[in-house]
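Worksheet for the structure shown next.
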Amino acid sequence: MQFRLQGLPANVTEVYVNDLRGLTSERDGVPQVLKDQLVNSLSAQLAPAEAQKYRLVIDLIEHRAFFTIGNWNAATRLRARLSDINGKPLGQWEVSGTAHRSNMFGYATAQAVEQDSYNIAVADLLSSLSAVSVR
């Protein structure tokens with residue numbers, strides 16, 4: 001199913017993703033996947049060409065899986081900031097997703113639980129942004 005952010009037209013909204021996980025993070029492609037998902041969620045109903053431009057900046061703060069006695073756990077934390085092209089802030093949202101699974105299939109379970117936490121965080125982010133309108 002495709003989710004659309006009706007209040008954020010694709011032609012006036014620039015999307016940036018900053019990977020703030022530090023040097024210890026693997027370059028796993030998550031920032032690009034997140035950016036692609038957000039760009040594809042922007043409204044297809046275009047704003048007039050003379051409309052003001054906006055920036056949606058997403059900070060990828062945490063995205064990891066970790067093991068505790070018998071269980072894989074995962075956490076994903078994101079911060080979104082919307083501003084006009086001049087930098088005037090219009091809103092900020094912090095979202096997170098956590099997930100847990102019993103260790104049934106080793107690293108495959110780790111990947112699955114990490115994906116679960118990502119999906120929860122992105123769903124929360126899209127839900128938060130769905131109330132925004134720059135029209």
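Naming scheme: A, B, ... for chains in displayed order of the structure tokens; residues 1 onward per chain; ligands 1 onward as shown.
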Compile the contact shell of stretch 2-18 of chain A as a VMD selection string: residues with an atom at most 6 Å away, counting only C-alpha atoms, same-chain residues fewer than 4 positions apart removed. chain A and resid 31 41 to 43 46 to 47 53 to 60 130 132 to 134
Restricting the output to N, CA, C and O atoms, write the selected residues as an mmCIF file, in the first residue's frame.
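Resulting contents of again23.cif:
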data_model
loop_
_atom_site.group_PDB
_atom_site.id
_atom_site.type_symbol
_atom_site.label_atom_id
_atom_site.label_comp_id
_atom_site.auth_asym_id
_atom_site.auth_seq_id
_atom_site.Cartn_x
_atom_site.Cartn_y
_atom_site.Cartn_z
ATOM 1 N N PRO A 31 19.944 5.053 5.126
ATOM 2 C CA PRO A 31 19.594 6.445 4.810
ATOM 3 C C PRO A 31 18.983 6.614 3.416
ATOM 4 O O PRO A 31 18.004 7.344 3.250
ATOM 5 N N SER A 41 6.540 9.170 -0.868
ATOM 6 C CA SER A 41 5.322 9.429 -0.098
ATOM 7 C C SER A 41 4.820 10.860 -0.243
ATOM 8 O O SER A 41 3.717 11.169 0.206
ATOM 9 N N LEU A 42 5.620 11.734 -0.843
ATOM 10 C CA LEU A 42 5.181 13.116 -1.020
ATOM 11 C C LEU A 42 3.983 13.167 -1.966
ATOM 12 O O LEU A 42 3.813 12.302 -2.822
ATOM 13 N N SER A 43 3.186 14.199 -1.806
ATOM 14 C CA SER A 43 1.958 14.328 -2.575
ATOM 15 C C SER A 43 2.238 14.479 -4.067
ATOM 16 O O SER A 43 3.105 15.256 -4.472
ATOM 17 N N LEU A 46 0.744 18.567 -7.275
ATOM 18 C CA LEU A 46 1.798 19.560 -7.240
ATOM 19 C C LEU A 46 1.291 20.924 -6.806
ATOM 20 O O LEU A 46 0.146 21.296 -7.087
ATOM 21 N N ALA A 47 2.156 21.662 -6.139
ATOM 22 C CA ALA A 47 1.861 23.041 -5.758
ATOM 23 C C ALA A 47 2.156 23.932 -6.958
ATOM 24 O O ALA A 47 2.912 23.544 -7.856
ATOM 25 N N LYS A 53 9.400 26.969 -1.322
ATOM 26 C CA LYS A 53 10.046 25.661 -1.189
ATOM 27 C C LYS A 53 10.245 25.324 0.293
ATOM 28 O O LYS A 53 10.372 26.208 1.134
ATOM 29 N N TYR A 54 10.311 24.021 0.584
ATOM 30 C CA TYR A 54 10.456 23.536 1.961
ATOM 31 C C TYR A 54 11.517 22.446 2.014
ATOM 32 O O TYR A 54 11.760 21.769 1.019
ATOM 33 N N ARG A 55 12.105 22.283 3.206
ATOM 34 C CA ARG A 55 13.084 21.219 3.449
ATOM 35 C C ARG A 55 12.575 20.316 4.554
ATOM 36 O O ARG A 55 12.204 20.776 5.629
ATOM 37 N N LEU A 56 12.605 19.034 4.282
ATOM 38 C CA LEU A 56 12.306 18.020 5.292
ATOM 39 C C LEU A 56 13.613 17.277 5.540
ATOM 40 O O LEU A 56 14.132 16.607 4.653
ATOM 41 N N VAL A 57 14.156 17.459 6.748
ATOM 42 C CA VAL A 57 15.434 16.851 7.109
ATOM 43 C C VAL A 57 15.164 15.763 8.138
ATOM 44 O O VAL A 57 14.565 16.024 9.182
ATOM 45 N N ILE A 58 15.609 14.565 7.826
ATOM 46 C CA ILE A 58 15.436 13.432 8.729
ATOM 47 C C ILE A 58 16.805 13.054 9.274
ATOM 48 O O ILE A 58 17.745 12.838 8.506
ATOM 49 N N ASP A 59 16.917 12.978 10.586
ATOM 50 C CA ASP A 59 18.140 12.508 11.234
ATOM 51 C C ASP A 59 17.926 11.062 11.648
ATOM 52 O O ASP A 59 16.997 10.753 12.398
ATOM 53 N N LEU A 60 18.770 10.178 11.141
ATOM 54 C CA LEU A 60 18.772 8.775 11.539
ATOM 55 C C LEU A 60 19.694 8.681 12.750
ATOM 56 O O LEU A 60 20.919 8.714 12.620
ATOM 57 N N SER A 130 1.624 13.264 8.424
ATOM 58 C CA SER A 130 0.361 13.330 7.696
ATOM 59 C C SER A 130 -0.500 14.515 8.133
ATOM 60 O O SER A 130 -1.360 14.963 7.388
ATOM 61 N N VAL A 132 0.684 17.493 8.635
ATOM 62 C CA VAL A 132 1.359 18.702 8.180
ATOM 63 C C VAL A 132 0.829 19.098 6.807
ATOM 64 O O VAL A 132 0.635 18.253 5.947
ATOM 65 N N SER A 133 0.635 20.417 6.631
ATOM 66 C CA SER A 133 0.253 20.910 5.316
ATOM 67 C C SER A 133 0.934 22.245 5.060
ATOM 68 O O SER A 133 0.841 23.152 5.880
ATOM 69 N N VAL A 134 1.630 22.348 3.946
ATOM 70 C CA VAL A 134 2.272 23.604 3.546
ATOM 71 C C VAL A 134 1.519 24.253 2.395
ATOM 72 O O VAL A 134 1.981 25.225 1.832
#
Identify, with DSSP run on backbone atoms, the residues in stretch 60-128 of chain A assigned to strand (DSSP E), and express the list as a ChimeraX atom specification. /A:60-68,71-84,89-102
Which residue is closest to A:Leu38? Choose from A:Val95, A:Gln115, A:Lys88, A:Ala80 and count only C-alpha atoms.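 Closest residue, counting only C-alpha atoms: A:Ala80.
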Rank nothing, just name the residue among A:Val39, A:Ala49, A:Val30, A:Ala131 nearest to A:Thr76, using only C-alpha atoms. A:Val30
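Between atom CA of A:Ile61 and atom CA of A:Ala112 there is a distance of 19.5 Å.
Pairwise distance (atom CA of A:Pro48, atom CA of A:Gln32) equals 27.9 Å.
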Just how far from atom CA of A:Tyr107 is atom CA of A:Val33, in Å to one decimal?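 So the two atoms, atom CA of A:Val33 and atom CA of A:Tyr107, lie 21.0 Å apart.
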Go through A:Arg77, A:His63, A:Asn119, A:Gln45 and flag the residue nearest A:Asp28, using only C-alpha atoms for the distances.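 The closest residue to A:Asp28 is A:His63.
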With DSSP run on the backbone, what are the helix (DSSP H, G or I) residues within chain A? I'd like them as JSON, numbers by chain. {"A": [30, 31, 32, 33, 34, 35, 36, 37, 38, 39, 40, 41, 107, 108, 109, 110, 111, 112, 113, 114, 115, 116, 117, 118, 119, 120, 121, 122, 123, 124, 125, 126, 127, 128, 129]}
For the selection just defined, write its residues with C-alpha atoms to a file, as an mmCIF file, in the first residue's frame.
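This is the output file part_20.cif:
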data_model
loop_
_atom_site.group_PDB
_atom_site.id
_atom_site.type_symbol
_atom_site.label_atom_id
_atom_site.label_comp_id
_atom_site.auth_asym_id
_atom_site.auth_seq_id
_atom_site.Cartn_x
_atom_site.Cartn_y
_atom_site.Cartn_z
ATOM 1 C CA VAL A 30 19.299 2.665 5.404
ATOM 2 C CA PRO A 31 19.594 6.445 4.810
ATOM 3 C CA GLN A 32 18.991 6.063 1.065
ATOM 4 C CA VAL A 33 16.096 3.635 1.576
ATOM 5 C CA LEU A 34 14.514 6.049 4.066
ATOM 6 C CA LYS A 35 14.951 8.998 1.700
ATOM 7 C CA ASP A 36 13.446 7.034 -1.200
ATOM 8 C CA GLN A 37 10.442 6.044 0.940
ATOM 9 C CA LEU A 38 9.813 9.649 1.978
ATOM 10 C CA VAL A 39 10.246 11.076 -1.519
ATOM 11 C CA ASN A 40 7.803 8.473 -2.831
ATOM 12 C CA SER A 41 5.322 9.429 -0.098
ATOM 13 C CA TYR A 107 21.255 -13.487 12.584
ATOM 14 C CA ALA A 108 18.160 -13.926 10.425
ATOM 15 C CA THR A 109 16.128 -13.139 13.539
ATOM 16 C CA ALA A 110 18.324 -10.099 14.172
ATOM 17 C CA GLN A 111 17.644 -8.805 10.666
ATOM 18 C CA ALA A 112 13.910 -9.443 11.020
ATOM 19 C CA VAL A 113 13.627 -7.659 14.357
ATOM 20 C CA GLU A 114 15.693 -4.737 13.040
ATOM 21 C CA GLN A 115 13.296 -4.480 10.076
ATOM 22 C CA ASP A 116 10.341 -4.551 12.486
ATOM 23 C CA SER A 117 11.731 -1.626 14.486
ATOM 24 C CA TYR A 118 12.407 0.326 11.272
ATOM 25 C CA ASN A 119 8.869 -0.283 10.001
ATOM 26 C CA ILE A 120 7.366 0.895 13.296
ATOM 27 C CA ALA A 121 9.485 4.070 13.336
ATOM 28 C CA VAL A 122 8.709 4.935 9.700
ATOM 29 C CA ALA A 123 4.980 4.323 10.247
ATOM 30 C CA ASP A 124 5.102 6.653 13.259
ATOM 31 C CA LEU A 125 6.991 9.253 11.209
ATOM 32 C CA LEU A 126 4.525 9.129 8.320
ATOM 33 C CA SER A 127 1.631 9.338 10.753
ATOM 34 C CA SER A 128 3.153 12.429 12.375
ATOM 35 C CA LEU A 129 3.838 14.085 9.027
#
